[in-house]
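Asks: Take a look at the following structure, please.
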Amino acid sequence: MKKNTLLIVMALPLAAALTLSSCSNKNKKAETATGSDMVTDTAVMPGVNVQESTDTLTTEGEIRGIEFASNENIRTINFDYDRYELSEDARKTLQANAELIKARKEWNVLVEGHCDDRGTVEYNLALGQKRAKAVRDYYVRLGVPESSVGTISYGEEKPLCAEATDACWLENRRAETKVKGK
């Protein structure tokens, strides 16, 4: 009886992991031609001091309390359809943002992940969180204190544009960095 209980306890997490991983392609959208050539290696960019990833970035900044606000000097980045990898242009923008954030030690930062309205609500919330986390992790690798950067996903709930066009959808697929004083 003890062996069976131990076997069940060990097999249950494995079964759950397999079930969850098999669902990852359930809402997968068709890959666009521009999305297939994304660069994901941060170490290939010359002249940028990027810390090695430990994939254990867990201490997020406090995102409750006073409202976070946009800052005119911190730029928003956009993503390709159904993607959360940072393009080379996005990395350049985030590098400039990170320099501003590091210079203002009194700032707490909130990275908001957003999606266009294609896909389910659940799928877009998850994709928005992956986008926000990709930006947060890159900021941390660039030297922004891990404890001062938080993330949130709004999925498709806060669109900038409501038209059903490629240009409008691109505007909505974004990560916004907002700040507040400590």
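Chain identifiers are assigned as A, B, and so on, following the order in which chains appear in the structure tokens; residues are numbered from 1 within each chain, and ligands are numbered from 1 in order of appearance.
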Tell me, as a PDB file with N, CA and C atoms, in the first residue's frame, which residues lie within 8 Å of Arg83 (chain A), counting only C-alpha atoms; anything in the same chain fewer than 3 positions away does not count.

Replies:
```pdb
ATOM      1  N   GLY A  35       7.531  36.512 -38.372  1.00  0.00           N
ATOM      2  CA  GLY A  35       7.765  35.962 -37.045  1.00  0.00           C
ATOM      3  C   GLY A  35       8.745  34.819 -37.023  1.00  0.00           C
ATOM      4  N   PHE A  79       5.234  43.735 -30.612  1.00  0.00           N
ATOM      5  CA  PHE A  79       5.583  42.346 -30.869  1.00  0.00           C
ATOM      6  C   PHE A  79       4.948  41.866 -32.167  1.00  0.00           C
ATOM      7  N   ASP A  80       5.583  40.861 -32.765  1.00  0.00           N
ATOM      8  CA  ASP A  80       4.997  40.198 -33.925  1.00  0.00           C
ATOM      9  C   ASP A  80       3.801  39.377 -33.468  1.00  0.00           C
ATOM     10  N   LEU A 127      -0.279  35.131 -23.072  1.00  0.00           N
ATOM     11  CA  LEU A 127       0.678  35.716 -24.002  1.00  0.00           C
ATOM     12  C   LEU A 127       1.123  37.105 -23.525  1.00  0.00           C
ATOM     13  N   ARG A 131       4.957  38.331 -22.629  1.00  0.00           N
ATOM     14  CA  ARG A 131       5.559  39.550 -23.190  1.00  0.00           C
ATOM     15  C   ARG A 131       6.095  40.437 -22.079  1.00  0.00           C
TER      16      ARG A 131
END
```

Asks: As a PDB file with C-alpha atoms, in the first residue's frame, please: the residues near Ala134 (chain A) (cut-off 9 Å, only C-alpha atoms, same-chain neighbours under 3 positions excluded).

Replies:
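The result, written out as result30.pdb:
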```
ATOM      1  CA  TYR A  84       6.808  37.262 -27.184  1.00  0.00           C
ATOM      2  CA  GLU A  85      10.469  37.205 -28.218  1.00  0.00           C
ATOM      3  CA  LEU A  86      12.222  40.555 -28.278  1.00  0.00           C
ATOM      4  CA  GLN A 129       2.230  37.871 -19.337  1.00  0.00           C
ATOM      5  CA  LYS A 130       4.979  36.236 -21.410  1.00  0.00           C
ATOM      6  CA  ARG A 131       5.559  39.550 -23.190  1.00  0.00           C
ATOM      7  CA  ASP A 137      13.865  39.793 -17.600  1.00  0.00           C
ATOM      8  CA  TYR A 138      15.729  41.847 -20.196  1.00  0.00           C
ATOM      9  CA  TYR A 139      15.656  44.921 -17.955  1.00  0.00           C
TER      10      TYR A 139
END
```

Asks: Near Thr177 (chain A), within 8 Å and counting only C-alpha atoms, which residues show up once chain neighbours fewer than 5 positions away are dropped, as JSON, numbers by chain?

Replies: {"A": [70, 74, 75, 76, 109, 110, 111, 112]}

Asks: Taking C-alpha atoms for each residue, export the selection above as a compact mmCIF listing (two decimals), in the first residue's frame.

Replies:
```
# COMPACT_ATOMS: atom_id res chain seq x y z
CA SER A 70 3.59 56.49 -18.59
CA ILE A 74 10.18 55.59 -21.86
CA ARG A 75 9.09 54.02 -25.10
CA THR A 76 6.66 51.17 -25.74
CA VAL A 109 8.54 49.94 -12.74
CA LEU A 110 5.52 48.05 -14.03
CA VAL A 111 5.72 46.27 -17.38
CA GLU A 112 2.27 45.76 -18.90
```

Asks: If we count only C-alpha atoms, what is near Gly113 (chain A) at a cut-off of 12 Å, once residues fewer than 6 positions away on the same chain are taken out, given as a ChimeraX atom specification?

Replies: /A:76-79,83-84,124-136,150-159,172-178

Asks: Between CA of Ala96 (chain A) and CA of Pro145 (chain A), measure the distance and give it in Å to one decimal.

Replies: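 Calculated distance between CA of Ala96 (chain A) and CA of Pro145 (chain A) is 15.6 Å.
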
Asks: Calculate how many Å separate CA of Val144 (chain A) from CA of Lys102 (chain A), rounding to one decimal.

Replies: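 Between CA of Val144 (chain A) and CA of Lys102 (chain A) the gap is 5.7 Å.
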
Asks: Which distance in Å separates CA of Glu122 (chain A) and CA of Leu170 (chain A), to one decimal?

Replies: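 If I compute the distance from CA of Glu122 (chain A) to CA of Leu170 (chain A), I get 19.5 Å.
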